[in-house]
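Notes for the one structure printed next.
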Protein chains: 2
Amino acid sequence: MIVTIKDVAKKANVAPSTVSRVIANSPRISEKTKKRVREVMEELGYHPNFQARSLAAKSTQAIGVIMPNSAFHAFQNPFFPEVLRGISTSAHANKYGIYLSTGSTEDEIYNEVTSMVQGRRVDGVVLLYSRVNDKTMNFLQQSNFPFVVVGRPYENEERISFVDNDNIYSTKQVTKHLINLGHHNIAFVGGSLNFVVTIDRLNGYKLALEEANIPFNEKYMVHEEYIKENGREALHSLMSLPSPPTALVTQDDLIAYEMISYLEEIRIRVPEDISIVSFNNLMLSEHSKPPITSVDICIYQLGFEATNCLIEKIKMPNTLPKRITIPTKFIERKSCERKK
Amino acid sequence: MIVTIKDVAKKANVAPSTVSRVIANSPRISEKTKKRVREVMEELGYHPNFQARSLAAKSTQAIGVIMPNSAFHAFQNPFFPEVLRGISTSAHANKYGIYLSTGSTEDEIYNEVTSMVQGRRVDGVVLLYSRVNDKTMNFLQQSNFPFVVVGRPYENEERISFVDNDNIYSTKQVTKHLINLGHHNIAFVGGSLNFVVTIDRLNGYKLALEEANIPFNEKYMVHEEYIKENGREALHSLMSLPSPPTALVTQDDLIAYEMISYLEEIRIRVPEDISIVSFNNLMLSEHSKPPITSVDICIYQLGFEATNCLIEKIKMPNTLPKRITIPTKFIERKSCERKK
DNA sequence: CTGAAAGCGCTTACAG
DNA sequence: CTGAAAGCGCTTACAG
């Protein structure tokens with residue numbers, strides 16, 4: 001019932017190997033033969049079997065995409081579909097399929113990745129996050145399997161290909177923007193220090209403070225874990241500090257959005273009473289009240305470039321690791337104001 | 001370099017077939033042998049090769065997930081990651097992997113699906129949308145390949161397994177809610193009639209009007225295509241009608257959200273001047289101003305049940321088609337008010 | 001330019 | 001309870 005290369009071969013009066021070469025469009029086969037074989041393939045409704053091809057050719061034509069566990073990027077965060085859109089554009093242009101791994105704990109992710117890699121389900125992997133001491137990343141590196149990271153690796157930066165924004169620089173700029181508006185009490189909201197992106201942004205934030213001779217205040221750091229549990233509470237205690245912040249740098253528009261709604265509850269107005277800058281430039285930031293000033297990190301590009309880079313690496317395993325930096329765009333809207 | 005079943009067999013002093021049976025945990029192998037073989041597998045770092053297994057066993061242990069083209073569900077819509085979370089929970093519990101198809105046009109989707117199915121990349125497919133006369137769905141049905149639809153099929157309902165909400169009923173309820181608040185001029189915003197979900201919701205909306213003896217007004221229908229192009233324009237002309245609506249039923253919280261922001265621009269207040277009910281109950285509806293009254297369609301459940309159903313079908317191909325209806329929850333917030 | 005043959009790493013009747 | 005053998009549907013040196 002299933003049409004194989006043999007059926008095509010028989011009908012076209014050639015050897016199976018010839019059919020195989022026609023599929024691969026080998027230049028060693030005459031156009032005449034190609035034409036005949038292709039006609040028969042059409043006629044018989046032949047479709048190559050991926051498993052068989054993979055097994056024989058030792059290539060799966062699929063890439064694995066590893067999502068961070070849901071605890072991190074809340075699953076309702078549009079970052080994910082957007083980065084995936086970039087990934088799939090590149091993958092399809094190169095005729096690769098996408099195999100998705102969505103473990104919900106670190107261990108689950110690790111197991112999925114090892115089985116994916118060692119079971120040869122994919123030819124390469126794009127890791128959609130970078131965390132401190134991540135055993136999944138270590139595994140990929142040690143097994144010398146083609147992979148690329150969206151984000152900056154915590155260790156061995158020079159030996160791993162990755163695609164990232166310059167998070168230190170852009171957070172520094174954003175913080176400076178607030179400082180230039182006269183703010184001194186600036187809080188940093190929403191990062192788990194397990195993720196390199198948080199570390200980088202925090203460092204950018206600190207650098208800006210330093211340059212302006214503003215001392216760094218531990219109390220002005222609100223951790224993501226805490227927000228997830230009880231964002232309202234987290235914000236309220238931040239605003240009850242003896243000298244509450246007059247500006248916020250938040251890691252993500254979704255968090256900024258949530259914060260704005262809690263601030264409103266306690267009659268603190270944005271931007272009149274407190275300014276906010278954020279990251280990601282999601283669609284909602286434009287329609288939010290007030291519209292959120294945000295750093296566009298070009299999510300689509302991150303995914304697209306990462307995949308291009310991975311596929312290049314799959315095709316030429318000896319390519320040297322490289323770092324691709326995607327520029328950010330500062331989108332000024334209405335959530336910041338000069339300090340009164 | 002790659003450890004195969006043969007290496008394990010040799011080292012454990014058994015036949016490759018025995019190793020294979022140990023992997024499958026066949027009851028016909030003695031515990032003693034299993035133990036020894038497993039030890040050797042561990043020692044050698046053996047991992048079964050998926051392609052080889054698939055080829056021999058004619059099962060891939062992967063399901064294909066077909067996204068709607070991006071034009072429809074805007075890619076920033078959290079519907080997608082949420083449904084995927086449900087899918088992956090079920091898939092992983094059953095030890096299936098997820099193969100993602102994300103074509104950007106109907107034809108691309110169709111090609112990806114045919115190649116996925118005929119090339120045996122997956123054992124079954126979950127289709128994340130249902131449109132009128134969809135050739136992808138027709139193909140799946142005709143090729144008698146296991147698949148399940150999230151949404152209601154346009155044709156052959158009795159022959160296709162699908163998981164859906166009762167969209168007619170829930171839209172009727174929601175519209176009635178507005179009618180009970182005294183609204184007569186109710187607009188329906190944001191659906192392409194190519195999608196069955198829109199057809200159903202529109203019918204629910206019409207049913208409610210009918211029961212209340214309110215004539216249906218074509219002018220009160222705003223099409224999705226139009227919104228995508230220029231949502232602001234679309235809304236403005238709706239509100240410039242001789243008798244503008246005093247209430248809106250929108251297809252999606254994201255659209256509702258956008259509409260609220262345009263309404264504000266022209267000084268129309270929600271809910272004082274116009275009431276809005278919407279669907280999906282995204283996270284943002286809670287923090288929106290005003291918080292949006294929305295129908296929770298249980299996106300996660302839709303994905304989860306669909307995948308369970310598909311896997312059941314893969315395992316027992318003769319299971320009869322079934323329809324699973326996921327109940328909706330009406331979440332009342334602050335976007336509706338009694339007509340003045 | 002084309003073919004015969006071996007092999008990719010598994011599974012699964014069949015036989016004992 | 002275990003093994004020998006055939007086969008899944010391809011690719012790819014090798015030979016001509």
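FYI, nothing fancy with the structure tokens labels: chains A, B, ... in order, residues from 1 per chain, ligands from 1 as they appear.
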### Message
Which residues are near DC1 of chain C? Cut-off 7 Å, only C-alpha atoms (C1' of nucleotides), ignore same chain within fewer than 6 positions. Put them as a ChimeraX atom specification.
### Response
/A:28-30
### Task
For chain C, work out the contacting residues on chain A at 10 Å, counting only C-alpha atoms (C1' of nucleotides), and write them as an MDAnalysis selection string.
chainID A and resid 14:18 27:30 33 52:58
Those residues with all heavy atoms, as a compact mmCIF listing (two decimals), in the first residue's frame please?
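Output file out_27.txt is given in full below:
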```txt
# COMPACT_ATOMS: atom_id res chain seq x y z
N VAL A 14 14.41 1.41 -13.82
CA VAL A 14 15.75 1.79 -13.37
C VAL A 14 16.02 1.08 -12.04
O VAL A 14 15.15 0.39 -11.52
CB VAL A 14 15.88 3.31 -13.16
CG1 VAL A 14 15.79 4.06 -14.48
CG2 VAL A 14 14.84 3.80 -12.18
N ALA A 15 17.21 1.28 -11.51
CA ALA A 15 17.53 0.69 -10.21
C ALA A 15 17.07 1.62 -9.10
O ALA A 15 17.00 2.84 -9.30
CB ALA A 15 19.02 0.47 -10.11
N PRO A 16 16.79 1.06 -7.93
CA PRO A 16 16.42 1.90 -6.78
C PRO A 16 17.44 2.99 -6.52
O PRO A 16 17.07 4.13 -6.18
CB PRO A 16 16.39 0.90 -5.62
CG PRO A 16 16.10 -0.41 -6.24
CD PRO A 16 16.71 -0.38 -7.62
N SER A 17 18.69 2.67 -6.72
CA SER A 17 19.71 3.69 -6.45
C SER A 17 19.54 4.89 -7.38
O SER A 17 19.80 6.02 -6.99
CB SER A 17 21.10 3.09 -6.60
OG SER A 17 21.18 2.27 -7.73
N THR A 18 19.10 4.63 -8.57
CA THR A 18 18.88 5.74 -9.50
C THR A 18 17.74 6.63 -9.00
O THR A 18 17.83 7.85 -9.02
CB THR A 18 18.56 5.20 -10.90
OG1 THR A 18 19.66 4.39 -11.32
CG2 THR A 18 18.34 6.32 -11.88
N PRO A 27 23.62 15.43 -9.88
CA PRO A 27 23.98 15.87 -11.23
C PRO A 27 24.48 14.71 -12.10
O PRO A 27 24.64 14.87 -13.30
CB PRO A 27 25.11 16.88 -10.97
CG PRO A 27 25.65 16.54 -9.62
CD PRO A 27 24.54 15.92 -8.85
N ARG A 28 24.66 13.56 -11.47
CA ARG A 28 25.19 12.44 -12.23
C ARG A 28 24.11 11.70 -13.01
O ARG A 28 24.41 10.75 -13.74
CB ARG A 28 25.92 11.48 -11.29
CG ARG A 28 27.22 12.08 -10.73
CD ARG A 28 27.68 11.36 -9.48
NE ARG A 28 27.70 9.92 -9.63
CZ ARG A 28 27.73 9.06 -8.63
NH1 ARG A 28 27.77 9.50 -7.39
NH2 ARG A 28 27.74 7.77 -8.85
N ILE A 29 22.87 12.08 -12.82
CA ILE A 29 21.78 11.41 -13.54
C ILE A 29 21.34 12.29 -14.71
O ILE A 29 21.24 13.51 -14.57
CB ILE A 29 20.58 11.18 -12.59
CG1 ILE A 29 21.00 10.35 -11.37
CG2 ILE A 29 19.43 10.50 -13.33
CD1 ILE A 29 21.38 8.93 -11.66
N SER A 30 21.10 11.67 -15.85
CA SER A 30 20.72 12.45 -17.03
C SER A 30 19.33 13.06 -16.85
O SER A 30 18.47 12.51 -16.17
CB SER A 30 20.71 11.55 -18.26
OG SER A 30 19.59 10.68 -18.20
N THR A 33 16.46 10.71 -17.74
CA THR A 33 16.09 9.73 -16.72
C THR A 33 15.34 10.42 -15.58
O THR A 33 14.32 9.95 -15.10
CB THR A 33 17.34 9.05 -16.15
OG1 THR A 33 18.11 8.56 -17.24
CG2 THR A 33 16.96 7.91 -15.23
N ALA A 52 13.59 6.30 6.96
CA ALA A 52 14.53 5.49 6.19
C ALA A 52 15.68 6.36 5.70
O ALA A 52 16.85 6.01 5.80
CB ALA A 52 13.82 4.85 5.01
N ARG A 53 15.32 7.51 5.23
CA ARG A 53 16.35 8.42 4.74
C ARG A 53 17.30 8.83 5.86
O ARG A 53 18.52 8.82 5.72
CB ARG A 53 15.68 9.67 4.15
CG ARG A 53 16.67 10.63 3.53
CD ARG A 53 16.22 12.05 3.71
NE ARG A 53 15.02 12.34 2.94
CZ ARG A 53 15.03 13.07 1.82
NH1 ARG A 53 16.16 13.54 1.35
NH2 ARG A 53 13.91 13.31 1.19
N SER A 54 16.70 9.17 6.99
CA SER A 54 17.53 9.58 8.13
C SER A 54 18.50 8.49 8.52
O SER A 54 19.67 8.73 8.78
CB SER A 54 16.65 9.87 9.34
OG SER A 54 15.75 10.88 9.08
N LEU A 55 17.96 7.29 8.58
CA LEU A 55 18.77 6.17 9.04
C LEU A 55 19.95 5.93 8.11
O LEU A 55 21.09 5.78 8.55
CB LEU A 55 17.90 4.92 9.12
CG LEU A 55 18.55 3.71 9.76
CD1 LEU A 55 18.99 4.04 11.18
CD2 LEU A 55 17.59 2.53 9.76
N ALA A 56 19.65 5.95 6.82
CA ALA A 56 20.72 5.68 5.86
C ALA A 56 21.68 6.85 5.73
O ALA A 56 22.89 6.67 5.68
CB ALA A 56 20.10 5.35 4.50
N ALA A 57 21.12 8.05 5.70
CA ALA A 57 21.97 9.21 5.44
C ALA A 57 22.54 9.83 6.71
O ALA A 57 23.36 10.73 6.64
CB ALA A 57 21.19 10.26 4.67
N LYS A 58 22.05 9.35 7.85
CA LYS A 58 22.51 9.91 9.12
C LYS A 58 22.27 11.41 9.22
O LYS A 58 23.16 12.16 9.62
CB LYS A 58 24.00 9.59 9.35
CG LYS A 58 24.27 8.08 9.38
CD LYS A 58 25.66 7.80 9.85
CE LYS A 58 25.79 6.33 10.25
NZ LYS A 58 24.73 5.92 11.20
```
### chain B contacts on chain A, only C-alpha atoms, 8 Å, as an NGL selection string
:A and (47-52 or 54-55 or 75-82 or 85 or 88 or 97-102 or 115 or 118-121 or 257-258 or 261 or 282-283 or 287-289)
Please return the superposed copy of chain A as a short mmCIF file (atom, residue, chain, number, x, y, z; two decimals) with C-alpha atoms, in the first residue's frame; the fit should be least squares onto chain B across all sequentially paired Cα atoms.
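Result file is part19.cif:
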```
data_model
loop_
_atom_site.label_atom_id
_atom_site.label_comp_id
_atom_site.auth_asym_id
_atom_site.auth_seq_id
_atom_site.Cartn_x
_atom_site.Cartn_y
_atom_site.Cartn_z
CA MET A 1 31.53 5.72 18.27
CA ILE A 2 27.76 5.38 18.44
CA VAL A 3 26.65 2.60 20.74
CA THR A 4 24.17 0.27 19.08
CA ILE A 5 22.07 -2.60 20.15
CA LYS A 6 24.75 -4.93 18.80
CA ASP A 7 27.42 -3.54 21.09
CA VAL A 8 25.14 -4.03 24.03
CA ALA A 9 24.26 -7.54 22.88
CA LYS A 10 27.87 -8.58 22.52
CA LYS A 11 28.90 -7.26 25.88
CA ALA A 12 25.91 -8.78 27.62
CA ASN A 13 26.32 -12.11 25.84
CA VAL A 14 22.87 -12.11 24.35
CA ALA A 15 21.38 -11.66 20.90
CA PRO A 16 20.44 -8.23 19.57
CA SER A 17 16.84 -9.33 19.55
CA THR A 18 17.01 -9.90 23.26
CA VAL A 19 18.32 -6.41 23.82
CA SER A 20 15.49 -5.09 21.71
CA ARG A 21 13.03 -6.95 23.87
CA VAL A 22 14.58 -5.58 27.01
CA ILE A 23 14.13 -2.06 25.66
CA ALA A 24 10.49 -2.81 24.97
CA ASN A 25 10.30 -4.40 28.41
CA SER A 26 8.84 -7.54 26.95
CA PRO A 27 7.42 -9.91 29.57
CA ARG A 28 9.01 -12.79 27.71
CA ILE A 29 12.48 -11.93 28.95
CA SER A 30 13.59 -13.07 32.40
CA GLU A 31 14.20 -10.44 35.02
CA LYS A 32 17.72 -11.70 35.39
CA THR A 33 18.55 -11.10 31.75
CA LYS A 34 16.82 -7.75 31.80
CA LYS A 35 18.88 -6.66 34.71
CA ARG A 36 22.15 -7.68 33.09
CA VAL A 37 21.30 -6.06 29.78
CA ARG A 38 20.20 -2.86 31.46
CA GLU A 39 23.43 -2.67 33.34
CA VAL A 40 25.39 -2.97 30.14
CA MET A 41 23.22 -0.33 28.48
CA GLU A 42 23.94 2.01 31.33
CA GLU A 43 27.62 1.19 31.30
CA LEU A 44 27.99 1.76 27.59
CA GLY A 45 25.72 4.80 27.54
CA TYR A 46 23.35 3.24 25.08
CA HIS A 47 20.44 5.22 23.66
CA PRO A 48 17.99 3.76 21.18
CA ASN A 49 18.01 5.35 17.77
CA PHE A 50 14.58 6.75 16.97
CA GLN A 51 14.87 6.53 13.22
CA ALA A 52 15.82 2.89 13.27
CA ARG A 53 13.08 2.06 15.66
CA SER A 54 10.53 4.00 13.67
CA LEU A 55 11.53 2.36 10.47
CA ALA A 56 11.35 -1.15 11.83
CA ALA A 57 8.33 -0.70 14.06
CA LYS A 58 6.45 1.64 11.75
CA SER A 59 5.72 4.09 14.50
CA THR A 60 7.43 7.39 15.12
CA GLN A 61 6.27 8.21 18.64
CA ALA A 62 5.72 11.76 17.51
CA ILE A 63 2.63 13.78 16.81
CA GLY A 64 2.38 16.66 14.39
CA VAL A 65 0.92 19.93 15.60
CA ILE A 66 -0.42 22.17 12.86
CA MET A 67 -0.64 25.84 13.63
CA PRO A 68 -3.04 28.09 11.80
CA ASN A 69 -1.24 30.45 9.50
CA SER A 70 0.00 33.52 11.24
CA ALA A 71 -2.45 35.76 9.42
CA PHE A 72 -5.24 34.33 11.51
CA HIS A 73 -4.20 34.06 15.09
CA ALA A 74 -1.80 36.95 15.30
CA PHE A 75 1.42 35.33 16.34
CA GLN A 76 1.58 37.36 19.49
CA ASN A 77 -1.60 35.76 20.68
CA PRO A 78 -1.01 33.72 23.81
CA PHE A 79 -3.63 31.23 22.71
CA PHE A 80 -0.89 29.35 21.01
CA PRO A 81 1.61 28.77 23.81
CA GLU A 82 -1.24 27.93 26.10
CA VAL A 83 -2.76 25.27 23.87
CA LEU A 84 0.70 23.91 23.29
CA ARG A 85 1.22 23.55 26.98
CA GLY A 86 -1.84 21.31 27.11
CA ILE A 87 -0.66 19.35 24.11
CA SER A 88 2.80 18.78 25.43
CA THR A 89 1.59 17.69 28.85
CA SER A 90 -0.44 14.93 27.30
CA ALA A 91 2.17 14.06 24.69
CA HIS A 92 4.96 13.69 27.20
CA ALA A 93 2.84 11.69 29.58
CA ASN A 94 2.41 9.25 26.72
CA LYS A 95 6.01 9.45 25.61
CA TYR A 96 5.25 11.17 22.35
CA GLY A 97 7.32 13.95 20.89
CA ILE A 98 5.95 17.05 19.20
CA TYR A 99 6.68 17.93 15.64
CA LEU A 100 5.60 21.45 14.80
CA SER A 101 4.30 22.74 11.52
CA THR A 102 4.04 26.48 11.11
CA GLY A 103 3.34 27.27 7.49
CA SER A 104 2.57 30.87 6.74
CA THR A 105 0.11 30.29 3.91
CA GLU A 106 -2.58 27.71 3.33
CA ASP A 107 -0.51 26.05 0.65
CA GLU A 108 2.57 25.90 2.79
CA ILE A 109 0.59 24.29 5.57
CA TYR A 110 -0.88 21.80 3.16
CA ASN A 111 2.51 20.86 1.81
CA GLU A 112 4.01 20.48 5.23
CA VAL A 113 1.18 18.26 6.34
CA THR A 114 1.23 16.01 3.31
CA SER A 115 4.96 15.54 3.56
CA MET A 116 4.72 14.94 7.28
CA VAL A 117 2.00 12.34 6.86
CA GLN A 118 3.17 10.58 3.76
CA GLY A 119 6.79 10.71 4.77
CA ARG A 120 5.75 9.13 8.09
CA ARG A 121 7.33 11.75 10.23
CA VAL A 122 4.50 11.49 12.73
CA ASP A 123 1.91 9.00 13.89
CA GLY A 124 -0.94 11.46 14.08
CA VAL A 125 -1.83 15.09 13.74
CA VAL A 126 -3.63 17.70 15.80
CA LEU A 127 -5.03 20.50 13.74
CA LEU A 128 -5.22 23.71 15.71
CA TYR A 129 -7.90 25.37 13.67
CA SER A 130 -10.92 24.60 11.57
CA ARG A 131 -11.74 26.51 8.46
CA VAL A 132 -14.36 26.22 5.77
CA ASN A 133 -13.37 23.85 2.95
CA ASP A 134 -9.91 23.29 4.26
CA LYS A 135 -7.90 21.13 1.94
CA THR A 136 -5.53 20.11 4.69
CA MET A 137 -8.38 18.67 6.70
CA ASN A 138 -9.81 17.01 3.62
CA PHE A 139 -6.48 15.46 2.90
CA LEU A 140 -6.17 14.07 6.42
CA GLN A 141 -9.61 12.62 6.26
CA GLN A 142 -9.19 11.05 2.87
CA SER A 143 -5.85 9.52 3.69
CA ASN A 144 -7.44 8.00 6.76
CA PHE A 145 -4.62 9.22 8.95
CA PRO A 146 -5.22 9.62 12.69
CA PHE A 147 -6.00 13.25 13.44
CA VAL A 148 -8.04 15.40 15.73
CA VAL A 149 -9.21 18.96 15.35
CA VAL A 150 -9.26 21.69 17.95
CA GLY A 151 -12.44 23.37 16.81
CA ARG A 152 -15.49 22.06 14.99
CA PRO A 153 -15.05 20.66 11.47
CA TYR A 154 -17.09 22.37 8.84
CA GLU A 155 -18.12 19.13 7.18
CA ASN A 156 -18.27 15.46 8.12
CA GLU A 157 -18.63 16.31 11.75
CA GLU A 158 -19.73 12.80 12.56
CA ARG A 159 -16.68 11.24 10.98
CA ILE A 160 -13.98 13.39 12.59
CA SER A 161 -12.78 13.51 16.18
CA PHE A 162 -12.70 17.01 17.55
CA VAL A 163 -12.41 18.98 20.74
CA ASP A 164 -14.21 22.26 21.00
CA ASN A 165 -16.19 24.56 23.22
CA ASP A 166 -19.85 24.99 22.60
CA ASN A 167 -19.31 28.28 20.85
CA ILE A 168 -22.88 28.74 19.76
CA TYR A 169 -24.20 28.32 23.25
CA SER A 170 -21.59 30.40 25.02
CA THR A 171 -21.83 33.29 22.59
CA LYS A 172 -25.56 33.20 22.92
CA GLN A 173 -25.24 33.44 26.69
CA VAL A 174 -22.82 36.29 26.47
CA THR A 175 -25.01 38.21 24.07
CA LYS A 176 -28.00 37.59 26.28
CA HIS A 177 -26.03 38.99 29.15
CA LEU A 178 -25.67 42.23 27.21
CA ILE A 179 -29.33 42.20 26.23
CA ASN A 180 -30.33 41.70 29.85
CA LEU A 181 -28.33 44.77 30.67
CA GLY A 182 -30.61 46.67 28.32
CA HIS A 183 -28.42 46.74 25.20
CA HIS A 184 -30.07 46.45 21.82
CA ASN A 185 -27.41 47.79 19.51
CA ILE A 186 -24.77 45.13 19.86
CA ALA A 187 -21.92 44.78 17.41
CA PHE A 188 -19.95 41.64 16.64
CA VAL A 189 -16.28 42.36 16.16
CA GLY A 190 -13.51 40.42 14.66
CA GLY A 191 -14.11 37.22 12.85
CA SER A 192 -13.15 35.89 9.49
CA LEU A 193 -16.05 33.82 8.27
CA ASN A 194 -13.59 31.33 6.89
CA PHE A 195 -13.20 29.96 10.37
CA VAL A 196 -15.85 27.77 11.87
CA VAL A 197 -15.33 29.29 15.28
CA THR A 198 -16.51 32.62 13.86
CA ILE A 199 -19.48 31.05 12.17
CA ASP A 200 -20.52 29.39 15.40
CA ARG A 201 -20.09 32.47 17.49
CA LEU A 202 -21.91 34.59 14.99
CA ASN A 203 -24.78 32.12 15.06
CA GLY A 204 -24.88 32.19 18.82
CA TYR A 205 -24.98 35.96 18.70
CA LYS A 206 -27.78 35.92 16.13
CA LEU A 207 -29.78 33.40 18.15
CA ALA A 208 -29.70 35.62 21.18
CA LEU A 209 -30.82 38.62 19.14
CA GLU A 210 -33.59 36.58 17.60
CA GLU A 211 -34.90 35.39 20.92
CA ALA A 212 -35.04 38.99 22.07
CA ASN A 213 -36.68 40.10 18.84
CA ILE A 214 -33.79 42.35 17.95
CA PRO A 215 -33.21 42.47 14.19
CA PHE A 216 -29.74 41.53 12.99
CA ASN A 217 -27.86 44.47 11.48
CA GLU A 218 -25.14 43.78 8.88
CA LYS A 219 -23.46 47.06 9.69
CA TYR A 220 -22.77 45.78 13.18
CA MET A 221 -20.37 43.16 11.90
CA VAL A 222 -16.71 44.09 11.76
CA HIS A 223 -14.51 41.62 9.99
CA GLU A 224 -11.20 40.47 11.24
CA GLU A 225 -9.41 41.13 7.97
CA TYR A 226 -10.44 44.71 8.22
CA ILE A 227 -9.28 45.00 11.80
CA LYS A 228 -5.87 43.64 10.97
CA GLU A 229 -5.39 46.22 8.29
CA ASN A 230 -6.62 49.16 10.22
CA GLY A 231 -8.36 48.46 13.47
CA ARG A 232 -8.63 52.10 14.41
CA GLU A 233 -10.39 52.98 11.18
CA ALA A 234 -12.71 49.99 11.50
CA LEU A 235 -13.78 51.00 14.95
CA HIS A 236 -14.19 54.65 14.10
CA SER A 237 -16.54 53.94 11.24
CA LEU A 238 -18.52 51.54 13.43
CA MET A 239 -18.94 54.26 16.02
CA SER A 240 -19.92 56.84 13.39
CA LEU A 241 -22.97 54.86 12.39
CA PRO A 242 -26.28 56.76 12.72
CA SER A 243 -27.06 54.57 15.70
CA PRO A 244 -23.74 53.33 16.99
CA PRO A 245 -23.59 50.17 19.10
CA THR A 246 -23.72 50.43 22.86
CA ALA A 247 -22.14 47.03 23.31
CA LEU A 248 -19.52 44.88 21.60
CA VAL A 249 -19.00 41.14 21.41
CA THR A 250 -15.37 40.64 20.41
CA GLN A 251 -13.79 37.37 19.36
CA ASP A 252 -10.65 37.68 21.39
CA ASP A 253 -9.33 39.60 24.38
CA LEU A 254 -6.47 40.92 22.33
CA ILE A 255 -8.92 42.54 19.93
CA ALA A 256 -11.07 43.78 22.80
CA TYR A 257 -7.97 45.30 24.27
CA GLU A 258 -7.10 47.06 21.06
CA MET A 259 -10.64 48.33 20.66
CA ILE A 260 -10.68 49.76 24.16
CA SER A 261 -7.59 51.75 23.36
CA TYR A 262 -9.11 53.16 20.15
CA LEU A 263 -12.36 53.94 21.93
CA GLU A 264 -10.45 55.91 24.49
CA GLU A 265 -8.87 57.98 21.74
CA ILE A 266 -12.27 59.15 20.64
CA ARG A 267 -13.44 59.69 24.21
CA ILE A 268 -15.81 56.79 24.39
CA ARG A 269 -15.59 55.18 27.80
CA VAL A 270 -15.80 51.50 28.62
CA PRO A 271 -18.10 50.51 30.27
CA GLU A 272 -19.88 53.84 30.82
CA ASP A 273 -20.55 54.49 27.13
CA ILE A 274 -20.10 51.06 25.66
CA SER A 275 -19.96 47.56 27.10
CA ILE A 276 -17.61 44.82 25.91
CA VAL A 277 -17.58 41.09 26.33
CA SER A 278 -14.86 38.97 24.84
CA PHE A 279 -13.33 35.50 24.66
CA ASN A 280 -10.27 33.60 25.83
CA ASN A 281 -9.72 35.15 29.24
CA LEU A 282 -6.08 35.93 28.65
CA MET A 283 -3.93 37.11 31.50
CA LEU A 284 -4.06 40.65 30.23
CA SER A 285 -7.84 40.90 30.56
CA GLU A 286 -7.47 40.87 34.29
CA HIS A 287 -5.08 43.81 34.37
CA SER A 288 -6.67 45.77 31.58
CA LYS A 289 -8.50 49.01 32.25
CA PRO A 290 -11.25 48.23 32.71
CA PRO A 291 -10.71 44.54 33.42
CA ILE A 292 -12.41 42.71 30.56
CA THR A 293 -15.43 40.50 31.01
CA SER A 294 -14.44 37.42 29.10
CA VAL A 295 -15.34 33.83 28.39
CA ASP A 296 -12.68 31.44 29.56
CA ILE A 297 -12.50 28.78 26.86
CA CYS A 298 -9.99 26.64 28.78
CA ILE A 299 -7.29 26.70 26.15
CA TYR A 300 -5.03 24.35 28.04
CA GLN A 301 -7.81 21.77 28.30
CA LEU A 302 -8.52 22.01 24.61
CA GLY A 303 -4.96 21.06 23.81
CA PHE A 304 -4.72 18.44 26.49
CA GLU A 305 -7.92 16.63 25.59
CA ALA A 306 -7.25 16.80 21.89
CA THR A 307 -3.90 15.12 22.37
CA ASN A 308 -5.27 12.42 24.63
CA CYS A 309 -7.90 11.73 22.05
CA LEU A 310 -5.35 11.59 19.25
CA ILE A 311 -3.06 9.21 21.07
CA GLU A 312 -5.97 6.94 21.87
CA LYS A 313 -6.78 6.93 18.20
CA ILE A 314 -3.21 6.15 17.22
CA LYS A 315 -3.13 3.23 19.58
CA MET A 316 -6.54 1.96 18.57
CA PRO A 317 -7.17 3.00 15.00
CA ASN A 318 -10.67 1.61 15.01
CA THR A 319 -11.95 3.81 17.79
CA LEU A 320 -15.02 5.65 16.60
CA PRO A 321 -14.71 9.38 16.07
CA LYS A 322 -15.78 11.39 19.05
CA ARG A 323 -16.62 14.88 20.00
CA ILE A 324 -15.35 16.34 23.23
CA THR A 325 -16.90 19.57 24.44
CA ILE A 326 -14.94 21.64 26.91
CA PRO A 327 -17.16 23.77 29.11
CA THR A 328 -16.55 27.50 29.16
CA LYS A 329 -16.58 29.82 32.13
CA PHE A 330 -18.05 33.27 32.01
CA ILE A 331 -15.73 35.58 33.91
CA GLU A 332 -17.49 38.77 34.81
CA ARG A 333 -15.25 41.78 35.28
CA LYS A 334 -15.80 45.46 34.71
CA SER A 335 -16.31 46.01 31.01
CA CYS A 336 -20.08 45.74 30.98
CA GLU A 337 -22.69 48.04 32.43
CA ARG A 338 -26.43 48.50 32.28
CA LYS A 339 -27.46 50.67 29.39
CA LYS A 340 -28.38 54.14 30.47
#
```
